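Undergrad: Take a look at coords-v7.cif, mmCIF, C-alpha atoms:
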data_my_file
loop_
_atom_site.label_atom_id
_atom_site.label_comp_id
_atom_site.auth_asym_id
_atom_site.auth_seq_id
_atom_site.Cartn_x
_atom_site.Cartn_y
_atom_site.Cartn_z
CA MET Q 24 -76.22 195.42 95.86
CA CYS Q 25 -79.83 194.44 95.97
CA PHE Q 26 -80.01 191.87 98.73
CA ARG Q 27 -83.38 190.70 99.82
CA PRO Q 28 -84.67 193.18 102.40
CA ASN Q 29 -85.65 190.51 104.92
CA LEU Q 30 -82.04 189.34 105.03
CA SER Q 31 -80.54 192.69 105.86
CA LEU Q 32 -76.81 192.36 106.13
CA GLY Q 33 -76.40 195.37 108.40
CA SER Q 34 -78.20 193.86 111.34
CA ARG Q 35 -76.40 190.56 110.94
CA ASN Q 36 -72.93 191.98 110.92
CA ASN Q 37 -72.13 193.02 114.40
CA HIS Q 38 -73.38 190.59 116.95
CA ARG Q 39 -73.11 187.23 115.23
CA ALA Q 40 -70.12 187.48 112.98
CA SER Q 41 -67.81 185.60 115.34
CA GLU Q 42 -70.09 182.58 115.49
CA ARG Q 43 -68.80 179.70 113.48
CA ASN Q 44 -71.93 179.06 111.47
CA LEU Q 45 -72.17 182.64 110.36
CA ILE Q 46 -69.27 182.45 107.98
CA LEU Q 47 -70.73 181.80 104.56
CA THR Q 48 -68.20 179.81 102.61
CA VAL Q 49 -68.59 179.59 98.87
CA THR Q 50 -66.41 177.88 96.29
CA ILE Q 51 -66.23 179.36 92.83
CA MET Q 52 -65.55 176.44 90.50
CA SER Q 53 -65.59 176.03 86.77
CA GLY Q 54 -64.71 172.69 85.29
CA LYS Q 55 -63.30 174.38 82.20
CA GLY Q 56 -60.47 176.85 82.59
CA GLY Q 57 -60.74 180.38 81.30
CA VAL Q 58 -64.48 180.78 81.77
CA GLY Q 59 -64.20 183.60 84.28
CA LYS Q 60 -63.88 181.90 87.61
CA THR Q 61 -61.29 184.33 88.90
CA THR Q 62 -63.20 187.29 87.45
CA VAL Q 63 -66.25 186.24 89.42
CA ALA Q 64 -64.35 185.33 92.61
CA VAL Q 65 -62.32 188.54 92.74
CA SER Q 66 -65.15 190.87 91.76
CA PHE Q 67 -67.55 189.14 94.13
CA ALA Q 68 -65.14 189.46 97.05
CA THR Q 69 -64.18 193.06 96.34
CA GLN Q 70 -67.78 194.09 95.81
CA LEU Q 71 -68.91 192.56 99.10
CA ALA Q 72 -66.02 194.25 100.90
CA ARG Q 73 -66.96 197.58 99.36
CA ARG Q 74 -70.43 197.10 100.79
CA GLY Q 75 -68.98 196.79 104.29
CA GLU Q 76 -68.93 193.02 104.55
CA LYS Q 77 -65.91 191.26 106.08
CA VAL Q 78 -64.55 189.07 103.32
CA LEU Q 79 -61.73 186.60 102.95
CA LEU Q 80 -60.79 185.59 99.41
CA ALA Q 81 -58.58 182.51 99.16
CA ASP Q 82 -56.91 181.64 95.87
CA LEU Q 83 -56.83 177.84 95.96
CA ASP Q 84 -55.74 177.49 92.34
CA VAL Q 85 -52.27 176.90 93.71
CA GLU Q 86 -50.75 175.83 90.40
CA GLU Q 87 -51.60 179.13 88.78
CA PRO Q 88 -52.76 181.56 91.44
CA ASN Q 89 -53.75 184.72 89.64
CA ALA Q 90 -56.45 186.34 91.77
CA GLY Q 91 -53.73 188.37 93.51
CA LEU Q 92 -52.88 190.07 90.23
CA PHE Q 93 -56.13 192.01 90.45
CA LEU Q 94 -55.73 193.21 94.03
CA GLN Q 95 -53.80 196.16 95.46
CA LYS Q 96 -52.52 194.52 98.59
CA GLN Q 97 -50.03 194.49 101.45
CA ARG Q 98 -48.36 191.29 102.55
CA LYS Q 99 -48.94 190.40 106.18
CA ASP Q 100 -47.60 186.90 106.46
CA SER Q 101 -45.79 184.23 104.47
CA VAL Q 102 -45.21 180.65 105.55
CA ASP Q 103 -43.61 177.73 103.80
CA ALA Q 104 -45.96 174.86 103.03
CA VAL Q 105 -44.30 171.63 104.09
CA VAL Q 106 -45.16 167.99 103.47
CA TYR Q 107 -43.52 164.80 104.71
CA ARG Q 108 -42.17 162.30 102.25
CA PRO Q 109 -40.20 159.08 102.50
CA LYS Q 110 -36.43 159.10 102.36
CA TRP Q 111 -34.82 155.78 101.53
CA ARG Q 112 -32.26 154.40 103.99
CA GLU Q 113 -30.01 152.12 101.98
CA ASP Q 114 -28.29 150.89 105.16
CA LEU Q 115 -31.58 149.54 106.54
CA CYS Q 116 -33.22 148.30 103.33
CA ILE Q 117 -33.69 144.57 102.87
CA PHE Q 118 -34.73 145.02 99.20
CA CYS Q 119 -38.02 143.16 99.60
CA GLY Q 120 -39.66 145.58 97.15
CA LYS Q 121 -42.89 145.73 99.16
CA CYS Q 122 -42.87 149.53 99.32
CA GLN Q 123 -43.44 149.67 95.57
CA GLY Q 124 -46.66 147.68 95.98
CA PHE Q 125 -47.82 149.70 98.98
CA CYS Q 126 -47.67 152.95 97.05
CA LYS Q 127 -50.95 153.67 95.28
CA PHE Q 128 -49.51 156.72 93.54
CA ASN Q 129 -46.73 155.00 91.58
CA ALA Q 130 -44.17 157.06 93.47
CA ILE Q 131 -41.76 154.23 94.22
CA ALA Q 132 -39.67 152.03 91.94
CA ALA Q 133 -37.99 149.08 93.61
CA LEU Q 134 -34.94 147.94 91.71
CA PRO Q 135 -32.98 144.91 92.82
CA LYS Q 136 -30.41 146.97 94.68
CA TYR Q 137 -31.93 150.42 94.72
CA ILE Q 138 -35.19 152.07 95.77
CA ILE Q 139 -36.19 155.22 93.91
CA VAL Q 140 -38.71 157.57 95.51
CA PHE Q 141 -40.31 160.09 93.17
CA PRO Q 142 -41.17 162.92 95.56
CA GLU Q 143 -43.27 164.75 92.97
CA LEU Q 144 -45.69 161.80 92.85
CA CYS Q 145 -45.81 161.21 96.62
CA HIS Q 146 -49.09 162.05 98.37
CA SER Q 147 -47.58 161.88 101.87
CA CYS Q 148 -49.86 159.02 102.89
CA TYR Q 149 -47.16 157.33 105.02
CA ALA Q 150 -48.13 153.83 103.78
CA CYS Q 151 -44.63 152.90 102.60
CA SER Q 152 -43.01 154.30 105.71
CA ASP Q 153 -45.43 152.67 108.13
CA LEU Q 154 -45.48 149.31 106.37
CA CYS Q 155 -41.80 148.90 105.50
CA PRO Q 156 -40.67 145.81 107.42
CA ALA Q 157 -37.17 147.24 107.83
CA SER Q 158 -38.14 150.83 108.69
CA ALA Q 159 -36.00 151.89 105.77
CA LEU Q 160 -38.28 154.72 104.62
CA SER Q 161 -38.41 157.58 107.10
CA MET Q 162 -40.59 160.59 106.50
CA VAL Q 163 -38.73 163.87 106.16
CA PRO Q 164 -40.03 167.38 105.59
CA ALA Q 165 -40.00 169.00 102.16
CA LYS Q 166 -41.14 172.47 101.13
CA ILE Q 167 -43.73 172.41 98.33
CA GLY Q 168 -44.84 176.02 98.22
CA GLN Q 169 -45.88 179.06 100.14
CA ILE Q 170 -49.02 180.36 101.76
CA GLN Q 171 -49.17 184.13 101.84
CA GLN Q 172 -51.63 186.37 103.55
CA TYR Q 173 -52.40 189.91 102.45
CA SER Q 174 -54.53 192.78 103.53
CA VAL Q 175 -56.37 194.41 100.64
CA ASN Q 176 -58.42 196.84 102.70
CA GLU Q 177 -60.06 196.91 106.09
CA ASN Q 178 -62.77 194.57 104.90
CA LEU Q 179 -60.89 192.24 102.59
CA VAL Q 180 -58.26 189.67 103.49
CA PHE Q 181 -56.56 187.73 100.72
CA ILE Q 182 -54.80 184.39 101.17
CA GLU Q 183 -52.96 182.67 98.38
CA GLY Q 184 -51.38 179.23 98.06
CA ARG Q 185 -48.57 179.06 95.53
CA LEU Q 186 -47.08 175.72 94.56
CA ASP Q 187 -43.35 175.66 93.88
CA ILE Q 188 -42.28 175.10 90.30
CA GLY Q 189 -41.66 171.41 89.67
CA GLN Q 190 -44.12 170.20 92.30
CA GLU Q 191 -46.86 167.99 90.88
CA ILE Q 192 -49.22 167.36 93.78
CA ALA Q 193 -51.40 170.40 94.31
CA SER Q 194 -54.07 168.98 96.62
CA THR Q 195 -51.94 169.00 99.77
CA LEU Q 196 -51.21 172.69 99.40
CA VAL Q 197 -54.85 173.41 98.51
CA ARG Q 198 -55.86 171.72 101.77
CA GLN Q 199 -53.30 173.64 103.81
CA THR Q 200 -54.25 176.97 102.24
CA ARG Q 201 -57.94 176.22 102.65
CA ASP Q 202 -57.53 175.33 106.32
CA LYS Q 203 -55.50 178.44 107.00
CA ALA Q 204 -58.28 180.48 105.39
CA LEU Q 205 -60.91 178.70 107.51
CA ARG Q 206 -58.91 179.41 110.70
CA GLU Q 207 -58.27 183.00 109.74
CA ALA Q 208 -61.96 183.49 108.96
CA GLN Q 209 -62.80 182.36 112.49
CA THR Q 210 -60.37 184.64 114.24
CA ALA Q 211 -60.81 187.68 112.00
CA GLY Q 212 -64.59 187.82 112.20
CA ILE Q 213 -65.00 187.08 108.52
CA GLN Q 214 -68.55 186.85 107.16
CA TRP Q 215 -67.88 185.71 103.61
CA LEU Q 216 -65.20 183.23 102.74
CA VAL Q 217 -64.70 182.93 98.98
CA PHE Q 218 -62.63 180.09 97.55
CA ASP Q 219 -61.29 180.53 94.04
CA ALA Q 220 -60.81 176.85 93.14
CA ALA Q 221 -58.63 175.25 90.52
CA PRO Q 222 -60.35 174.46 87.24
CA GLY Q 223 -61.17 170.84 86.58
CA THR Q 224 -62.61 168.14 88.79
CA ALA Q 225 -59.47 166.64 90.29
CA CYS Q 226 -58.57 166.41 93.97
CA ALA Q 227 -57.22 169.96 93.96
CA SER Q 228 -60.66 171.33 93.01
CA ARG Q 229 -62.51 168.99 95.30
CA GLU Q 230 -60.44 169.98 98.33
CA ALA Q 231 -61.72 173.52 98.02
CA MET Q 232 -65.32 172.54 97.55
CA ILE Q 233 -65.80 170.01 100.32
CA LYS Q 234 -65.36 172.61 103.06
CA SER Q 235 -67.75 175.13 101.60
CA ASP Q 236 -71.44 175.76 102.16
CA ALA Q 237 -72.27 176.24 98.50
CA VAL Q 238 -70.77 176.01 95.05
CA ILE Q 239 -71.00 178.52 92.25
CA LEU Q 240 -70.20 176.97 88.88
CA VAL Q 241 -69.03 179.52 86.37
CA THR Q 242 -69.44 178.46 82.78
CA GLU Q 243 -69.59 179.88 79.28
CA PRO Q 244 -72.23 179.25 76.62
CA THR Q 245 -70.23 176.81 74.50
CA PRO Q 246 -70.34 173.01 74.15
CA PHE Q 247 -66.91 172.84 75.77
CA GLY Q 248 -68.10 175.03 78.63
CA LEU Q 249 -71.15 172.80 79.10
CA HIS Q 250 -69.12 169.59 79.02
CA ASP Q 251 -66.60 170.58 81.66
CA MET Q 252 -69.18 172.35 83.81
CA SER Q 253 -71.31 169.21 83.81
CA LEU Q 254 -68.35 167.26 85.22
CA ALA Q 255 -67.82 169.83 87.96
CA TYR Q 256 -71.55 169.73 88.62
CA GLN Q 257 -71.43 165.96 89.13
CA LEU Q 258 -68.70 166.53 91.71
CA ALA Q 259 -70.72 169.18 93.57
CA LYS Q 260 -73.84 167.05 93.39
CA ALA Q 261 -72.05 163.98 94.72
CA SER Q 262 -70.82 166.10 97.62
CA ARG Q 263 -74.41 167.28 98.26
CA LYS Q 264 -73.44 170.93 98.02
CA PRO Q 265 -76.03 173.51 97.05
CA CYS Q 266 -75.03 174.48 93.58
CA ALA Q 267 -75.87 177.19 91.05
CA LEU Q 268 -74.70 178.24 87.61
CA VAL Q 269 -73.34 181.57 86.48
CA ILE Q 270 -73.02 182.04 82.73
CA ASN Q 271 -70.11 184.30 81.90
CA LYS Q 272 -69.40 185.77 78.47
CA ASP Q 273 -73.09 185.28 77.83
CA SER Q 274 -74.23 185.75 74.27
CA PRO Q 275 -77.13 184.41 72.23
CA GLY Q 276 -76.85 181.34 70.04
CA TYR Q 277 -76.14 178.41 72.31
CA ALA Q 278 -78.85 176.92 74.51
CA GLY Q 279 -76.94 173.93 75.87
CA ILE Q 280 -76.42 175.40 79.33
CA GLU Q 281 -80.13 176.22 79.72
CA LYS Q 282 -81.10 172.73 78.58
CA PHE Q 283 -78.71 171.17 81.09
CA ALA Q 284 -79.97 173.47 83.86
CA ASN Q 285 -83.57 172.46 83.14
CA GLU Q 286 -82.79 168.77 83.07
CA GLU Q 287 -80.72 168.83 86.22
CA LYS Q 288 -82.93 171.40 87.97
CA VAL Q 289 -79.93 173.52 88.82
CA PRO Q 290 -80.59 177.27 88.84
CA ILE Q 291 -78.88 179.73 86.51
CA ILE Q 292 -78.63 182.55 89.02
CA ALA Q 293 -76.73 185.11 86.99
CA ARG Q 294 -75.49 185.98 83.53
CA ILE Q 295 -72.57 188.22 82.73
CA PRO Q 296 -72.93 189.39 79.12
CA TYR Q 297 -69.92 189.15 76.86
CA ASN Q 298 -68.08 192.44 76.95
CA SER Q 299 -64.76 192.99 75.22
CA ARG Q 300 -64.04 196.02 77.42
CA LEU Q 301 -64.23 193.79 80.50
CA ALA Q 302 -61.83 191.35 78.87
CA GLN Q 303 -59.46 194.22 78.12
CA SER Q 304 -59.62 195.51 81.70
CA TYR Q 305 -58.94 191.99 82.94
CA SER Q 306 -55.88 191.72 80.72
CA GLU Q 307 -54.61 194.91 82.33
CA GLY Q 308 -54.99 193.43 85.82
CA ASN Q 309 -58.08 195.37 86.65
CA ILE Q 310 -61.68 194.32 87.27
CA PRO Q 311 -63.53 197.61 87.82
CA VAL Q 312 -66.87 196.22 88.93
CA GLY Q 313 -68.47 199.66 89.14
CA ALA Q 314 -67.83 200.30 85.46
CA PHE Q 315 -69.82 197.23 84.44
CA PRO Q 316 -73.40 197.39 85.73
CA ALA Q 317 -74.22 193.97 84.27
CA LEU Q 318 -71.38 192.41 86.26
CA GLU Q 319 -72.44 194.27 89.37
CA HIS Q 320 -75.97 193.02 88.93
CA ALA Q 321 -74.78 189.45 88.47
CA LEU Q 322 -72.72 189.66 91.68
CA SER Q 323 -75.77 190.87 93.59
CA ARG Q 324 -77.72 187.92 92.28
CA ILE Q 325 -75.00 185.55 93.46
CA ALA Q 326 -75.02 187.10 96.94
CA SER Q 327 -78.81 186.88 97.12
CA TRP Q 328 -78.76 183.23 96.16
CA LEU Q 329 -76.12 182.44 98.77
CA LEU Q 330 -78.12 184.18 101.47
CA LYS Q 331 -81.18 182.19 100.45
CA VAL Q 332 -79.16 179.00 100.69
CA ARG Q 333 -78.08 179.91 104.18
CA ALA Q 334 -81.57 180.94 105.20
CA GLY Q 335 -82.90 177.50 104.50
CA GLY Q 336 -81.62 175.04 101.99
CA GLN Q 337 -81.34 175.47 98.28
CA PRO Q 338 -84.01 177.76 96.85
CA MET N 1 -26.85 129.81 79.69
CA ALA N 2 -28.14 129.52 83.24
CA LEU N 3 -30.44 132.38 84.15
CA ASP N 4 -32.18 130.72 87.06
CA ILE N 5 -30.08 132.35 89.71
CA GLY N 6 -31.14 134.75 92.42
CA THR N 7 -32.45 138.16 91.70
CA ILE N 8 -33.35 139.96 88.56
CA SER N 9 -30.23 142.10 88.77
CA GLU N 10 -28.07 139.05 88.90
CA MET N 11 -29.94 137.74 85.88
CA ALA N 12 -29.43 141.02 84.11
CA ILE N 13 -25.78 141.29 85.02
CA THR N 14 -25.21 137.67 84.06
CA ALA N 15 -26.89 138.25 80.75
CA ILE N 16 -24.94 141.41 79.98
CA MET N 17 -21.69 139.74 80.96
CA THR N 18 -22.55 136.72 78.90
CA LYS N 19 -23.24 139.01 76.00
CA THR N 20 -20.12 141.08 76.32
CA THR N 21 -17.72 138.34 77.27
CA MET N 22 -19.09 135.30 75.54
CA GLY N 23 -21.30 136.64 72.79
CA GLY N 24 -24.38 135.29 74.59
CA LYS N 25 -28.02 135.59 73.70
CA LEU N 26 -30.07 138.71 74.46
CA LYS N 27 -33.48 139.23 75.96
CA ILE N 28 -35.01 142.29 74.32
CA ILE N 29 -38.09 144.24 75.35
CA PHE N 30 -40.06 146.55 73.01
CA SER N 31 -42.76 149.13 73.79
CA ALA N 32 -45.67 147.84 71.71
CA SER N 33 -49.09 149.10 70.72
CA GLU N 34 -50.53 145.60 70.33
CA ASN N 35 -49.97 142.02 71.37
CA LYS N 36 -48.98 140.47 68.04
CA GLY N 37 -45.60 139.02 68.85
CA LYS N 38 -42.90 139.94 66.37
CA ASP N 39 -45.44 141.74 64.17
CA SER N 40 -46.47 144.12 66.94
CA PHE N 41 -46.05 147.75 65.97
CA LEU N 42 -43.96 149.84 68.29
CA ASP N 43 -45.87 152.12 70.66
CA ASP N 44 -44.42 155.61 70.59
CA ARG N 45 -45.33 156.05 74.26
CA PHE N 46 -43.49 154.30 77.06
CA GLY N 47 -45.45 154.66 80.33
CA ARG N 48 -48.77 154.46 78.55
CA ALA N 49 -47.82 151.92 75.90
CA ALA N 50 -50.41 149.17 75.45
CA GLY N 51 -47.78 146.71 76.56
CA PHE N 52 -44.35 145.30 75.97
CA VAL N 53 -43.28 142.43 73.73
CA VAL N 54 -40.27 140.46 74.88
CA TYR N 55 -38.02 138.50 72.55
CA GLU N 56 -35.61 135.89 73.84
CA GLU N 57 -32.92 135.13 71.33
CA GLU N 58 -32.01 131.90 73.05
CA THR N 59 -35.43 130.31 72.66
CA ASP N 60 -36.66 132.44 69.73
CA GLN N 61 -39.83 133.08 71.77
CA TRP N 62 -41.96 136.23 71.76
CA SER N 63 -44.00 137.03 74.89
CA TRP N 64 -46.23 139.86 76.10
CA ILE N 65 -46.32 142.02 79.22
CA ASP N 66 -49.58 143.90 79.47
CA ASN N 67 -49.46 147.54 80.54
CA ALA N 68 -53.20 148.24 80.65
CA SER N 69 -53.06 149.24 84.33
CA ASN N 70 -50.79 152.13 83.43
CA VAL N 71 -52.52 153.32 80.27
CA ASN N 72 -55.03 155.37 82.26
CA ALA N 73 -53.00 155.85 85.44
CA ALA N 74 -53.43 159.29 86.99
CA GLY N 75 -49.69 159.62 87.38
CA GLY N 76 -46.49 157.67 87.61
CA ALA N 77 -47.18 155.53 84.54
CA GLY N 78 -43.56 155.87 83.46
CA VAL N 79 -42.36 154.75 86.87
CA GLN N 80 -44.49 151.64 86.92
CA ALA N 81 -43.85 150.75 83.28
CA GLY N 82 -40.15 151.15 84.04
CA GLN N 83 -40.56 148.84 87.00
CA ALA N 84 -42.27 146.24 84.78
CA VAL N 85 -39.56 146.51 82.16
CA VAL N 86 -36.85 146.01 84.80
CA ASN N 87 -38.80 143.12 86.31
CA SER N 88 -38.94 141.45 82.90
CA GLY N 89 -35.24 140.68 83.19
CA ALA N 90 -34.60 141.96 79.68
CA THR N 91 -31.12 143.19 78.88
CA VAL N 92 -32.01 145.51 76.01
CA TYR N 93 -34.87 147.98 75.61
CA ILE N 94 -35.98 149.14 72.17
CA GLY N 95 -38.89 151.51 71.85
CA ALA N 96 -40.40 154.88 72.68
CA GLN N 97 -38.33 157.69 74.07
CA LEU N 98 -38.32 157.73 77.87
CA GLY N 99 -39.68 160.49 80.06
CA PRO N 100 -37.58 161.68 82.97
CA LYS N 101 -39.13 159.34 85.54
CA ALA N 102 -38.95 156.23 83.36
CA MET N 103 -35.38 157.20 82.52
CA ALA N 104 -34.54 157.51 86.22
CA VAL N 105 -35.74 153.94 86.73
CA LEU N 106 -34.10 152.35 83.70
CA ALA N 107 -30.86 154.27 84.15
CA ARG N 108 -30.51 152.49 87.50
CA SER N 109 -30.81 149.12 85.79
CA THR N 110 -28.17 147.41 83.71
CA MET N 111 -30.36 147.49 80.64
CA LYS N 112 -29.10 148.93 77.35
CA LEU N 113 -31.56 151.47 75.95
CA PHE N 114 -32.26 152.10 72.26
CA ALA N 115 -34.71 154.41 70.47
CA GLY N 116 -36.95 152.32 68.26
CA VAL N 117 -38.19 153.47 64.86
CA PRO N 118 -41.90 154.35 65.08
CA GLY N 119 -44.22 152.84 62.49
CA LYS N 120 -42.18 149.68 62.27
CA THR N 121 -42.76 146.34 63.95
CA ALA N 122 -40.79 144.81 66.78
CA ARG N 123 -39.18 142.38 64.35
CA GLU N 124 -38.14 145.18 61.98
CA ASN N 125 -36.70 147.14 64.88
CA TYR N 126 -34.88 144.04 66.06
CA GLU N 127 -33.25 143.71 62.66
CA LEU N 128 -32.26 147.39 62.67
CA PHE N 129 -30.79 146.88 66.14
CA LYS N 130 -28.77 143.87 65.02
CA ALA N 131 -27.52 145.90 62.07
CA GLY N 132 -26.35 148.59 64.50
CA LYS N 133 -28.78 151.14 63.07
CA LEU N 134 -30.64 152.16 66.25
CA GLU N 135 -29.53 155.09 68.35
CA LYS N 136 -28.90 154.74 72.05
CA ILE N 137 -31.18 156.57 74.47
CA GLU N 138 -29.02 158.58 76.83
#
What is this structure when it is put down as structure tokens?

TA:
Amino acid sequence: MCFRPNLSLGSRNNHRASERNLILTVTIMSGKGGVGKTTVAVSFATQLARRGEKVLLADLDVEEPNAGLFLQKQRKDSVDAVVYRPKWREDLCIFCGKCQGFCKFNAIAALPKYIIVFPELCHSCYACSDLCPASALSMVPAKIGQIQQYSVNENLVFIEGRLDIGQEIASTLVRQTRDKALREAQTAGIQWLVFDAAPGTACASREAMIKSDAVILVTEPTPFGLHDMSLAYQLAKASRKPCALVINKDSPGYAGIEKFANEEKVPIIARIPYNSRLAQSYSEGNIPVGAFPALEHALSRIASWLLKVRAGGQP
Amino acid sequence: MALDIGTISEMAITAIMTKTTMGGKLKIIFSASENKGKDSFLDDRFGRAAGFVVYEEETDQWSWIDNASNVNAAGGAGVQAGQAVVNSGATVYIGAQLGPKAMAVLARSTMKLFAGVPGKTARENYELFKAGKLEKIE
């Protein structure tokens, strides 16, 4: 990869990797789904690892984690992700109905003689439990998913959060998976921490982004791609994260992304030309970076931009 | 008929008992897409209905419960709309099919649930209900 020579990775590796501020954390986001976020995240992580960098890739798209499909890996660790939610105690309840008003997530219905808690809507904020005048809502543990850790090769660690079927609140598991990745990055001497975020701009996507040093927005040259990317961009901008665009499936004919980039002064740092062979490889669970020079070049450009960001603010 | 006693459930139970034992008057709530009394068209959504029209047979009055706060809720619209419908003290619901969460709420109430006919008004659905032509939601 063609990094800038004055930011030689080799000299940086050995003596400073354990320092906290040397982990470069990047979130790959998209706004729109299906634009190539996972393609970029997986190929970026594997390419860096191949170049001798210590990389941790975390799939934080916990509702549909699919980065693992592209990695030959060995499982090292699996833990249940647990949250605490209120359990109604009929024997203690005075049926005042206040819990229903305390809940900002519409997770409680207070009927005259019955309280219904909808666990799938609960955000584990404890408000109902703490504020119940009769202490009739005690918080009890519930499993919502799993966090698994894998070794891909000596340079690449992969962590994946996977939400259980039927669970509706993804952000708690995103946070837990993210924090495990951040801890692991510290102890394992990781240099690059890559978050593959959920598409969209909801809490689940934001949770990934707010702990990263920079945001890469992957988009496609379509009006739909522009629209959803611009929403994700607003989120990154509001969080004051250095931010850059990568146009995937690039092809001539639509200039909306460029126009947006000019107006917002956000750099387009790389383009990955549309290539049906790459799409076919992807569908077979394989992203052979080496076979696609244009992809390889784009990944190098992303790495260079990130190093520039670290070296001193957004270029 | 005295409905000014205690809690909503007691009101509801009283009303149902009055209906079943003494042929009493009903209080009926409809999911509605607009606030036009008996001429309101049914909303085919429950949690995100524009609101609910309520008809009291006893007084022949039509009233409105706004549901705007749930129309754009991030989640749990069915739960809160269900709560509002229970709170209304109605004894019969006629309207949109219920999602699982709304159903969980209303199933715990004493309310009778009927599937309304979309594209018709509350009044027209009321007449179909009285003629025994609406199907129960179960």

Undergrad: Just to confirm, what's the straight-line distance from CA of Phe141 in chain Q to CA of Gly78 in chain N in Å (one decimal)?

TA: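 CA of Gly78 in chain N lies 11.1 Å from CA of Phe141 in chain Q.
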
Undergrad: With a cut-off of 10 Å, could you pull out the residues of chain N touching chain Q and give me the nearest pair of atoms for each, distance in Å to one decimal, using all atoms listed in the file, ordered by chain and ascending number, as a tab-separated table?

TA:
residue	atom	partner	partner_atom	distance
N:Thr7	CA	Q:Pro135	CA	6.9
N:Ile8	CA	Q:Pro135	CA	6.5
N:Ser9	CA	Q:Pro135	CA	5.6
N:Glu10	CA	Q:Pro135	CA	8.6
N:Asn70	CA	Q:Asn129	CA	9.5
N:Ala73	CA	Q:Asn129	CA	8.8
N:Ala74	CA	Q:Phe128	CA	8.1
N:Gly75	CA	Q:Phe128	CA	6.8
N:Gly76	CA	Q:Asn129	CA	4.8
N:Ala77	CA	Q:Asn129	CA	7.1
N:Gly78	CA	Q:Asn129	CA	8.8
N:Val79	CA	Q:Ala132	CA	6.4
N:Gln80	CA	Q:Asn129	CA	6.2
N:Ala81	CA	Q:Ala132	CA	9.7
N:Gly82	CA	Q:Ala132	CA	8.0
N:Gln83	CA	Q:Ala132	CA	5.9
N:Ala84	CA	Q:Ala132	CA	9.6
N:Val86	CA	Q:Leu134	CA	7.4
N:Asn87	CA	Q:Leu134	CA	8.2
N:Lys101	CA	Q:Phe141	CA	7.8
N:Ala102	CA	Q:Ala132	CA	9.6
N:Ala104	CA	Q:Ile139	CA	8.2
N:Val105	CA	Q:Ala132	CA	6.8
N:Leu106	CA	Q:Leu134	CA	9.2
N:Arg108	CA	Q:Leu134	CA	7.6
N:Ser109	CA	Q:Leu134	CA	7.3

Undergrad: In Å to one decimal, how far is CA of Leu160 in chain Q from CA of Pro109 in chain Q?

TA: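 So the answer is 5.2 Å.
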
Undergrad: If we count all atoms listed in the file, what is near Leu205 in chain Q at a cut-off of 10 Å, once residues fewer than 4 positions away on the same chain are taken out, given as a PDB file with C-alpha atoms, keeping the file's coordinate frame?

TA:
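Output below, filename around04.pdb:
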ATOM      1  CA  ARG Q  43     -68.800 179.700 113.480  1.00  0.00           C
ATOM      2  CA  ILE Q  46     -69.270 182.450 107.980  1.00  0.00           C
ATOM      3  CA  THR Q  48     -68.200 179.810 102.610  1.00  0.00           C
ATOM      4  CA  LEU Q  79     -61.730 186.600 102.950  1.00  0.00           C
ATOM      5  CA  ALA Q  81     -58.580 182.510  99.160  1.00  0.00           C
ATOM      6  CA  GLN Q 199     -53.300 173.640 103.810  1.00  0.00           C
ATOM      7  CA  THR Q 200     -54.250 176.970 102.240  1.00  0.00           C
ATOM      8  CA  ARG Q 201     -57.940 176.220 102.650  1.00  0.00           C
ATOM      9  CA  GLN Q 209     -62.800 182.360 112.490  1.00  0.00           C
ATOM     10  CA  THR Q 210     -60.370 184.640 114.240  1.00  0.00           C
ATOM     11  CA  ILE Q 213     -65.000 187.080 108.520  1.00  0.00           C
ATOM     12  CA  LEU Q 216     -65.200 183.230 102.740  1.00  0.00           C
ATOM     13  CA  LYS Q 234     -65.360 172.610 103.060  1.00  0.00           C
ATOM     14  CA  SER Q 235     -67.750 175.130 101.600  1.00  0.00           C
TER      15      SER Q 235
END

Undergrad: Within 7 Å of Lys55 in chain Q, counting all atoms listed in the file, which residues show up once you throw out same-chain ones fewer than 6 positions away? Write them as a VMD selection string, please.

TA: chain Q and resid 222 to 223 248 251 to 252

Undergrad: Could you tell me, as a list of chain:residue names, exactly which residues end up selected when the PyMOL selection byres ((chain Q and resi 243) around 10) is applied to this structure?

TA: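 Applying the expression gives Q:Ser53, Q:Lys55, Q:Gly57, Q:Val58, Q:Gly59, Q:Val241, Q:Thr242, Q:Pro244, Q:Thr245, Q:Pro246, Q:Phe247, Q:Gly248, Q:Leu249, Q:Met252, Q:Leu268, Q:Val269, Q:Ile270, Q:Asn271, Q:Lys272, Q:Asp273, Q:Ser274, Q:Tyr277, Q:Ile280, Q:Arg294, Q:Ile295, Q:Tyr297.
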
Undergrad: Might you spell out which residues the PyMOL selection byres ((chain N and resi 120) around 10) would select in the displayed file, as a VMD selection string?

TA: chain N and resid 39 to 43 116 to 119 121 to 126

Undergrad: For the atom pair CA of Ala227 in chain Q and CA of Ser66 in chain Q, what is the interatomic distance in Å to one decimal place?

TA: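 Separating CA of Ala227 in chain Q from CA of Ser66 in chain Q is a distance of 22.5 Å.
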
Undergrad: Counting all atoms listed in the file, what is within 10 Å of range 310-323 of chain Q, bar same-chain residues fewer than 6 positions away, as JSON, numbers by chain?

TA: {"Q": [24, 25, 26, 27, 62, 63, 64, 65, 66, 67, 68, 69, 70, 71, 93, 94, 269, 270, 271, 292, 293, 294, 295, 296, 297, 298, 300, 301, 302, 303, 304, 329]}

Undergrad: List the residues selected by the PyMOL selection byres ((chain Q and resi 174) around 8) in the file shown, writing them as a PyMOL selection string.

TA: chain Q and resi 96-99+172-173+175-177+179-181
